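K.L.:
Here you go, coords.txt (compact mmCIF, C-alpha atoms):
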```
# COMPACT_ATOMS: atom_id res chain seq x y z
CA MET A 1 -7.59 8.12 -0.93
CA ILE A 2 -8.97 8.65 2.54
CA SER A 3 -8.05 11.67 4.67
CA LYS A 4 -5.00 11.78 6.94
CA GLU A 5 -7.33 11.62 9.93
CA GLN A 6 -9.07 8.49 8.62
CA PHE A 7 -5.73 6.91 7.82
CA GLN A 8 -4.39 7.60 11.30
CA HIS A 9 -7.55 6.08 12.76
CA GLU A 10 -6.81 2.90 10.79
CA ILE A 11 -3.27 2.83 12.22
CA ASP A 12 -4.61 3.32 15.74
CA LEU A 13 -7.00 0.40 15.26
CA ILE A 14 -4.19 -1.83 13.98
CA ILE A 15 -2.01 -1.08 16.99
CA ALA A 16 -4.78 -1.59 19.54
CA ASN A 17 -5.94 -4.84 17.97
CA ALA A 18 -2.43 -6.23 17.51
CA ILE A 19 -1.49 -5.56 21.14
CA ARG A 20 -4.79 -7.10 22.26
CA GLU A 21 -4.09 -10.16 20.15
CA ASP A 22 -0.48 -10.58 21.27
CA VAL A 23 -0.51 -9.50 24.91
CA GLY A 24 -3.95 -10.50 26.14
CA ASP A 25 -4.04 -10.30 29.96
CA GLY A 26 -0.28 -9.89 30.19
CA ASP A 27 3.17 -10.76 28.89
CA HIS A 28 3.68 -13.43 31.51
CA SER A 29 7.16 -14.36 30.25
CA SER A 30 8.42 -10.89 31.12
CA LEU A 31 6.25 -10.48 34.21
CA ALA A 32 7.63 -13.74 35.58
CA CYS A 33 11.34 -12.90 35.48
CA ILE A 34 11.86 -9.17 34.98
CA PRO A 35 11.10 -6.66 37.78
CA SER A 36 8.62 -3.94 36.91
CA SER A 37 11.27 -1.37 37.92
CA ALA A 38 13.88 -2.72 35.48
CA ARG A 39 14.94 -0.43 32.68
CA GLY A 40 16.63 -1.43 29.45
CA LYS A 41 17.77 -0.38 25.99
CA ALA A 42 17.48 -2.19 22.65
CA LYS A 43 18.53 -1.58 19.07
CA LEU A 44 16.70 -2.32 15.84
CA LEU A 45 19.29 -4.32 13.88
CA VAL A 46 19.03 -4.66 10.10
CA LYS A 47 20.03 -8.12 8.86
CA ASP A 48 19.20 -7.67 5.18
CA ASN A 49 19.52 -5.19 2.31
CA GLY A 50 16.68 -3.01 1.05
CA ILE A 51 14.49 -0.04 1.94
CA ILE A 52 13.62 0.40 5.61
CA ALA A 53 9.99 1.15 6.44
CA GLY A 54 7.89 1.26 9.60
CA ILE A 55 10.13 3.33 11.87
CA ASP A 56 7.43 5.95 12.42
CA PHE A 57 4.94 3.15 13.02
CA ALA A 58 7.30 1.60 15.60
CA LYS A 59 7.40 4.91 17.46
CA GLN A 60 3.61 4.88 17.66
CA VAL A 61 3.62 1.32 18.98
CA PHE A 62 6.15 2.14 21.69
CA ALA A 63 4.14 5.22 22.69
CA TYR A 64 0.92 3.18 22.84
CA VAL A 65 2.51 0.51 25.05
CA ASP A 66 4.32 2.97 27.31
CA LYS A 67 4.38 6.74 26.78
CA ASP A 68 7.62 7.00 28.76
CA MET A 69 9.70 4.99 26.28
CA LYS A 70 12.19 7.04 24.28
CA VAL A 71 13.30 6.32 20.71
CA GLU A 72 16.53 7.59 19.17
CA THR A 73 16.16 7.42 15.39
CA LEU A 74 19.33 6.83 13.37
CA ILE A 75 17.77 6.01 9.98
CA GLU A 76 14.55 7.46 8.53
CA ASP A 77 11.81 5.60 6.68
CA GLY A 78 12.55 5.20 2.97
CA THR A 79 16.33 4.95 3.42
CA LYS A 80 18.35 2.25 1.68
CA VAL A 81 19.88 0.00 4.35
CA LYS A 82 22.36 -2.87 4.47
CA TYR A 83 23.18 -5.76 6.76
CA GLY A 84 24.49 -4.51 10.10
CA ASP A 85 22.84 -1.09 10.09
CA ILE A 86 21.08 0.08 13.26
CA ALA A 87 17.82 1.89 12.56
CA PHE A 88 17.05 3.13 16.07
CA TYR A 89 17.53 2.65 19.79
CA VAL A 90 14.60 2.38 22.21
CA GLU A 91 15.00 2.92 25.94
CA GLY A 92 12.63 2.52 28.85
CA SER A 93 10.89 -0.15 30.90
CA SER A 94 12.32 -3.56 29.99
CA GLN A 95 8.86 -5.10 30.26
CA SER A 96 7.42 -2.47 27.91
CA ILE A 97 10.15 -3.00 25.31
CA LEU A 98 9.45 -6.73 25.28
CA LYS A 99 5.70 -6.19 25.10
CA ALA A 100 6.07 -4.04 21.96
CA GLU A 101 8.87 -6.05 20.34
CA ARG A 102 6.94 -8.54 18.24
CA LEU A 103 4.44 -6.07 16.80
CA VAL A 104 7.25 -3.68 15.87
CA LEU A 105 9.25 -6.42 14.16
CA ASN A 106 6.33 -8.08 12.37
CA ALA A 107 5.14 -4.75 10.98
CA MET A 108 8.56 -3.39 10.04
CA GLN A 109 9.69 -6.60 8.36
CA ARG A 110 6.66 -6.65 6.09
CA MET A 111 6.56 -2.91 5.49
CA SER A 112 10.26 -2.91 4.57
CA ALA A 113 9.74 -5.77 2.12
CA ILE A 114 6.90 -3.88 0.43
CA ALA A 115 8.86 -0.63 0.33
CA THR A 116 11.85 -2.48 -1.15
CA LYS A 117 9.77 -4.09 -3.90
CA THR A 118 8.03 -0.81 -4.65
CA ARG A 119 11.36 0.99 -5.01
CA ILE A 120 12.45 -1.61 -7.58
CA PHE A 121 9.40 -0.74 -9.71
CA VAL A 122 9.90 3.00 -9.18
CA ASP A 123 13.52 2.74 -10.36
CA LEU A 124 12.47 0.70 -13.41
CA LEU A 125 9.98 3.44 -14.35
CA GLU A 126 12.44 6.30 -13.93
CA GLY A 127 12.23 8.81 -16.77
CA THR A 128 8.96 7.50 -18.23
CA GLY A 129 6.49 9.71 -16.35
CA THR A 130 4.49 6.61 -15.38
CA LYS A 131 3.71 6.01 -11.70
CA ILE A 132 3.33 2.68 -9.93
CA LEU A 133 0.12 2.02 -8.00
CA ASP A 134 -0.80 -0.52 -5.35
CA THR A 135 -4.17 -2.33 -5.20
CA ARG A 136 -6.64 -3.73 -2.65
CA LYS A 137 -4.75 -7.05 -2.70
CA THR A 138 -3.53 -6.51 0.84
CA THR A 139 -3.38 -8.55 4.04
CA PRO A 140 -6.76 -8.31 5.81
CA GLY A 141 -6.59 -6.08 8.86
CA ILE A 142 -3.31 -4.29 8.06
CA ARG A 143 -4.07 -2.57 4.74
CA ALA A 144 -3.06 0.83 6.11
CA LEU A 145 0.42 -0.46 6.97
CA GLU A 146 0.94 -2.00 3.54
CA LYS A 147 -0.26 1.08 1.68
CA TRP A 148 1.92 3.25 3.92
CA ALA A 149 4.88 1.07 2.95
CA VAL A 150 4.14 1.57 -0.76
CA LYS A 151 4.29 5.33 -0.26
CA ILE A 152 7.56 5.01 1.67
CA GLY A 153 8.97 3.04 -1.27
CA GLY A 154 8.07 5.84 -3.68
CA GLY A 155 4.85 4.40 -5.12
CA GLU A 156 1.33 5.80 -5.18
CA ASN A 157 -1.77 4.55 -3.43
CA HIS A 158 -4.80 3.48 -5.44
CA ARG A 159 -8.14 3.77 -3.65
CA PHE A 160 -7.95 2.71 -0.01
CA ALA A 161 -11.11 0.61 0.03
CA LEU A 162 -14.49 0.14 -1.61
CA TYR A 163 -15.88 3.36 -0.16
CA ASP A 164 -13.49 6.08 -1.35
CA MET A 165 -13.60 5.57 -5.12
CA ILE A 166 -15.81 3.93 -7.75
CA MET A 167 -14.10 1.19 -9.74
CA LEU A 168 -16.20 -0.65 -12.29
CA LYS A 169 -14.47 -3.90 -13.16
CA ASP A 170 -15.46 -6.76 -15.45
CA ASN A 171 -17.92 -8.33 -13.01
CA HIS A 172 -19.64 -5.01 -12.32
CA ILE A 173 -19.98 -4.45 -16.06
CA ASP A 174 -21.33 -7.95 -16.70
CA PHE A 175 -23.77 -7.84 -13.78
CA ALA A 176 -24.95 -4.39 -14.87
CA ASP A 177 -25.52 -5.63 -18.44
CA GLY A 178 -22.82 -3.64 -20.19
CA VAL A 179 -20.31 -0.80 -19.91
CA SER A 180 -22.64 2.06 -20.81
CA ARG A 181 -25.36 0.91 -18.44
CA ALA A 182 -22.88 0.44 -15.60
CA ILE A 183 -21.49 3.96 -16.06
CA GLU A 184 -24.86 5.67 -16.39
CA GLN A 185 -26.25 3.87 -13.34
CA THR A 186 -23.13 4.89 -11.41
CA LYS A 187 -23.54 8.54 -12.34
CA GLN A 188 -27.17 8.44 -11.25
CA TYR A 189 -26.23 6.73 -7.98
CA LEU A 190 -23.66 9.41 -7.18
CA LYS A 191 -26.22 12.11 -7.94
CA ASP A 192 -28.95 10.46 -5.87
CA THR A 193 -26.67 9.90 -2.87
CA ASN A 194 -24.88 13.26 -3.18
CA ARG A 195 -21.46 11.61 -3.30
CA ASP A 196 -18.39 13.03 -4.99
CA LEU A 197 -16.36 9.95 -5.94
CA LYS A 198 -14.03 9.49 -8.90
CA ILE A 199 -14.96 6.80 -11.41
CA ILE A 200 -12.48 4.28 -12.82
CA VAL A 201 -13.69 1.81 -15.44
CA GLU A 202 -11.94 -1.34 -16.59
CA ALA A 203 -11.79 -1.99 -20.33
CA ARG A 204 -11.22 -5.43 -21.81
CA ASN A 205 -10.80 -4.34 -25.42
CA LEU A 206 -10.64 -1.28 -27.64
CA ASP A 207 -14.39 -1.34 -28.33
CA GLU A 208 -15.10 -1.01 -24.61
CA ILE A 209 -12.69 1.93 -24.43
CA LYS A 210 -14.63 3.69 -27.18
CA GLU A 211 -17.87 3.02 -25.31
CA ILE A 212 -16.43 4.38 -22.05
CA LEU A 213 -15.26 7.54 -23.79
CA ASP A 214 -18.69 8.02 -25.38
CA CYS A 215 -20.26 7.94 -21.91
CA GLY A 216 -17.86 10.56 -20.51
CA GLY A 217 -17.38 11.52 -16.89
CA VAL A 218 -14.73 8.87 -16.19
CA TYR A 219 -11.60 9.78 -14.22
CA ARG A 220 -9.40 6.92 -15.38
CA ILE A 221 -9.63 3.96 -17.75
CA LEU A 222 -8.06 0.71 -16.61
CA ILE A 223 -6.49 -0.92 -19.66
CA ASP A 224 -6.55 -4.48 -18.39
CA ASN A 225 -4.53 -7.38 -19.80
CA PHE A 226 -3.76 -5.63 -23.10
CA ASN A 227 -0.62 -6.45 -25.08
CA TYR A 228 1.88 -3.71 -25.86
CA GLU A 229 0.50 -2.89 -29.30
CA ASP A 230 -3.10 -2.59 -28.14
CA THR A 231 -2.01 -0.58 -25.09
CA ARG A 232 -0.39 1.97 -27.40
CA LYS A 233 -3.58 2.07 -29.48
CA ALA A 234 -5.66 2.55 -26.34
CA VAL A 235 -3.48 5.41 -25.08
CA LYS A 236 -3.71 7.15 -28.46
CA LEU A 237 -7.48 6.65 -28.57
CA ILE A 238 -7.99 8.04 -25.06
CA GLY A 239 -5.64 11.00 -25.54
CA ASP A 240 -6.24 13.63 -22.86
CA GLN A 241 -9.89 12.71 -22.28
CA CYS A 242 -9.00 10.95 -19.03
CA LEU A 243 -6.10 9.26 -17.26
CA THR A 244 -4.87 5.78 -18.19
CA GLU A 245 -3.77 2.78 -16.15
CA SER A 246 -2.33 -0.57 -17.23
CA SER A 247 -2.73 -3.72 -15.15
CA GLY A 248 -2.81 -7.47 -15.37
CA GLY A 249 0.23 -9.56 -14.47
CA ILE A 250 2.73 -6.78 -15.11
CA ASN A 251 6.09 -7.59 -13.48
CA GLU A 252 9.65 -6.31 -13.27
CA LYS A 253 10.42 -7.64 -16.75
CA THR A 254 7.45 -6.00 -18.47
CA VAL A 255 6.72 -2.83 -16.47
CA ARG A 256 9.10 -0.60 -18.43
CA ARG A 257 7.67 -1.60 -21.81
CA TYR A 258 4.12 -0.90 -20.63
CA ALA A 259 5.22 2.49 -19.32
CA GLU A 260 6.76 3.26 -22.72
CA CYS A 261 3.30 2.75 -24.23
CA GLY A 262 2.41 6.07 -22.60
CA VAL A 263 0.12 5.11 -19.71
CA ASP A 264 -0.12 7.41 -16.69
CA TYR A 265 -0.19 4.59 -14.13
CA ILE A 266 0.62 0.92 -13.78
CA SER A 267 -1.00 -1.01 -10.93
CA SER A 268 0.51 -4.12 -9.40
CA GLY A 269 -0.94 -6.34 -6.71
CA ALA A 270 2.48 -7.96 -6.35
CA LEU A 271 3.70 -4.91 -4.42
CA THR A 272 1.75 -6.17 -1.42
CA HIS A 273 0.83 -9.81 -2.02
CA SER A 274 4.17 -11.23 -3.20
CA VAL A 275 6.97 -10.12 -0.90
CA TYR A 276 9.43 -11.78 1.47
CA ASN A 277 9.88 -10.08 4.82
CA MET A 278 13.09 -8.19 5.47
CA ASP A 279 15.14 -9.74 8.29
CA LEU A 280 15.19 -7.41 11.31
CA SER A 281 15.90 -7.98 15.00
CA LEU A 282 15.40 -6.03 18.20
CA LYS A 283 18.43 -6.74 20.41
CA ALA A 284 19.08 -5.72 24.00
CA VAL A 285 22.18 -3.58 24.46
```
As a first step, turn the structure in this file into structure tokens.
P.N.:
Amino acid sequence: MISKEQFQHEIDLIIANAIREDVGDGDHSSLACIPSSARGKAKLLVKDNGIIAGIDFAKQVFAYVDKDMKVETLIEDGTKVKYGDIAFYVEGSSQSILKAERLVLNAMQRMSAIATKTRIFVDLLEGTGTKILDTRKTTPGIRALEKWAVKIGGGENHRFALYDMIMLKDNHIDFADGVSRAIEQTKQYLKDTNRDLKIIVEARNLDEIKEILDCGGVYRILIDNFNYEDTRKAVKLIGDQCLTESSGGINEKTVRRYAECGVDYISSGALTHSVYNMDLSLKAV
């Protein structure tokens, strides 16, 4: 994963671009009927059940819009919430609260949905030693928010993007004319460019796993679309030579059985691409 500084830079870019997109040359609805001197207070009202996420992000949004706004936090990120809970109060310029409102709600609703779904997977894996991973199947432009939400829900982040880890999937292997050639060319590339990046390689069958192991130097093998029996065989074959990861349509009904095959990680794009936003409101008080 990228550094904390890089990650924060991504968050800063999201906030700046979202406010630019939503506010433009001014929130004319508020400017038209609310005096610039007016002060107000609002509460973040939970209207659903799940895991709350995005409170720290909301604080950053409020600070970006108006550094004089004050937030009183009642519930922390990662907490289980229910209908009727109040997550925080925000107080300050009424115009500023309204300017920040939609970005705060849009982000928190989606982040909370992702954190909630992630926690379901984490609970299903309890006691197995297997960790749940996200993927790059995120909403363009807000990947940092969605990966942050996975962490809040108790999951782990896979690579952030194409630049912070090598991942050789089926198309890379086919375009490179085979597993061994793809791995050897990758090692040479890393040497030539003086880059220190971990290598993950996808395997489509047990023969490819053997070939990957023969090449060596791989951080993790992605055991993709294997059935339970072959996953167990793959884990036994790999042993402690590198880490293991299962993927490929794994859902709430199957995740526990794949974990019981002994894999270190299970990755699921559904954590970020198949969620329904949590219902939240920002209400004046």
K.L.:
Near Arg102 of chain A, within 10 Å and counting all atoms listed in the file, which residues show up once chain neighbours fewer than 4 positions away are dropped, as a tab-separated table (two decimals) with C-alpha atoms, keeping the file's coordinate frame?
P.N.:
```
chain	number	residue	atom	x	y	z
A	18	ALA	CA	-2.43	-6.23	17.51
A	19	ILE	CA	-1.49	-5.56	21.14
A	22	ASP	CA	-0.48	-10.58	21.27
A	97	ILE	CA	10.15	-3.00	25.31
A	98	LEU	CA	9.45	-6.73	25.28
A	106	ASN	CA	6.33	-8.08	12.37
A	107	ALA	CA	5.14	-4.75	10.98
A	108	MET	CA	8.56	-3.39	10.04
A	281	SER	CA	15.90	-7.98	15.00
A	282	LEU	CA	15.40	-6.03	18.20
```
K.L.:
Per residue of segment 110-153 of chain A within 7 Å of segment 158-163 of chain A, note the shortest atom pair and the distance in Å to one decimal, counting all atoms listed in the file, and order the rows by chain and increasing residue number, as a Markdown table.
P.N.:
```
| residue | atom | partner | partner_atom | distance |
| --- | --- | --- | --- | --- |
| A:Leu133 | CA | A:His158 | CA | 5.7 |
| A:Asp134 | CA | A:His158 | CA | 5.7 |
| A:Thr135 | CA | A:His158 | CA | 5.8 |
| A:Arg136 | CA | A:Ala161 | CA | 6.8 |
```
K.L.:
Pick out the closest residue to Tyr189 of chain A from this set: A:Ile166, A:Ala100, A:Val65, A:Leu74. Count only C-alpha atoms.
P.N.:
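Of A:Ile166, A:Ala100, A:Val65, A:Leu74, the one nearest Tyr189 of chain A, counting only C-alpha atoms, is A:Ile166.
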K.L.:
Please compute the atom CA of Glu245 of chain A-atom CA of Asn171 of chain A distance, one decimal, in Å.
P.N.:
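One can read the atom CA of Glu245 of chain A to atom CA of Asn171 of chain A distance as 18.3 Å.
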K.L.:
Find the spatial neighbours of Asp123 of chain A, counting only C-alpha atoms, within a cut-off of 12 Å - ignore same-chain residues fewer than 3 positions away - and output them as a PyMOL selection string.
P.N.:
chain A and resi 116-120+126-132+153-155+252+255-256
K.L.:
Quick one: residues within 10 Å of segment 6-10 of chain A, all atoms listed in the file counted, chain neighbours fewer than 5 positions away excluded, as a PyMOL selection string?
P.N.:
chain A and resi 1+15+141-145+148+160
K.L.:
Which residue, A:Arg110, A:Lys47, A:Arg204, A:His273, has the smallest gap to Ala149 of chain A when you use only C-alpha atoms?
P.N.:
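Selected residue with least distance to Ala149 of chain A: A:Arg110.
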K.L.:
Show which residues sit within 10 Å of segment 31-34 of chain A, as a compact mmCIF listing (two decimals) with C-alpha atoms, in the coordinates of the input. Count all atoms listed in the file, and ignore same-chain residues fewer than 3 positions away.
P.N.:
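Dumped everything to out29.txt:
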```txt
# COMPACT_ATOMS: atom_id res chain seq x y z
CA GLY A 26 -0.28 -9.89 30.19
CA ASP A 27 3.17 -10.76 28.89
CA HIS A 28 3.68 -13.43 31.51
CA SER A 37 11.27 -1.37 37.92
CA ALA A 38 13.88 -2.72 35.48
CA ARG A 39 14.94 -0.43 32.68
CA SER A 93 10.89 -0.15 30.90
CA SER A 94 12.32 -3.56 29.99
CA GLN A 95 8.86 -5.10 30.26
```
K.L.:
Can you tell me which residues surround His172 of chain A at a distance of at most 10 Å, considering all atoms listed in the file, apart from same-chain residues fewer than 5 positions away, and format the answer as a ChimeraX atom specification?
P.N.:
/A:167,177-179,182-183,201-202
K.L.:
Could segment 216-232 of chain A be completed with N, CA and C atoms and written as a short mmCIF file (atom, residue, chain, number, x, y, z; two decimals), keeping the file's coordinate frame, please?
P.N.:
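Contents of part_26.cif, as written:
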```cif
data_model
loop_
_atom_site.label_atom_id
_atom_site.label_comp_id
_atom_site.auth_asym_id
_atom_site.auth_seq_id
_atom_site.Cartn_x
_atom_site.Cartn_y
_atom_site.Cartn_z
N GLY A 216 -18.46 9.40 -21.17
CA GLY A 216 -17.86 10.56 -20.51
C GLY A 216 -17.95 10.47 -18.99
N GLY A 217 -17.31 11.42 -18.34
CA GLY A 217 -17.38 11.52 -16.89
C GLY A 217 -16.52 10.54 -16.13
N VAL A 218 -15.58 9.88 -16.83
CA VAL A 218 -14.73 8.87 -16.19
C VAL A 218 -13.37 9.49 -15.87
N TYR A 219 -12.88 9.23 -14.68
CA TYR A 219 -11.60 9.78 -14.22
C TYR A 219 -10.42 9.04 -14.82
N ARG A 220 -10.51 7.72 -14.86
CA ARG A 220 -9.40 6.92 -15.38
C ARG A 220 -9.92 5.64 -16.01
N ILE A 221 -9.30 5.22 -17.10
CA ILE A 221 -9.63 3.96 -17.75
C ILE A 221 -8.54 2.95 -17.43
N LEU A 222 -8.97 1.80 -16.94
CA LEU A 222 -8.06 0.71 -16.61
C LEU A 222 -7.92 -0.19 -17.83
N ILE A 223 -6.76 -0.14 -18.45
CA ILE A 223 -6.49 -0.92 -19.66
C ILE A 223 -5.97 -2.27 -19.20
N ASP A 224 -6.86 -3.24 -19.10
CA ASP A 224 -6.55 -4.48 -18.39
C ASP A 224 -6.17 -5.62 -19.32
N ASN A 225 -5.00 -6.20 -19.06
CA ASN A 225 -4.53 -7.38 -19.80
C ASN A 225 -4.42 -7.14 -21.31
N PHE A 226 -4.01 -5.94 -21.69
CA PHE A 226 -3.76 -5.63 -23.10
C PHE A 226 -2.30 -5.96 -23.42
N ASN A 227 -2.02 -6.31 -24.66
CA ASN A 227 -0.62 -6.45 -25.08
C ASN A 227 -0.04 -5.06 -25.36
N TYR A 228 1.23 -5.00 -25.67
CA TYR A 228 1.88 -3.71 -25.86
C TYR A 228 1.25 -2.92 -27.01
N GLU A 229 1.03 -3.58 -28.13
CA GLU A 229 0.50 -2.89 -29.30
C GLU A 229 -0.88 -2.29 -29.02
N ASP A 230 -1.75 -3.08 -28.42
CA ASP A 230 -3.10 -2.59 -28.14
C ASP A 230 -3.09 -1.53 -27.03
N THR A 231 -2.14 -1.62 -26.11
CA THR A 231 -2.01 -0.58 -25.09
C THR A 231 -1.67 0.75 -25.73
N ARG A 232 -0.74 0.73 -26.69
CA ARG A 232 -0.39 1.97 -27.40
C ARG A 232 -1.60 2.53 -28.15
#
```
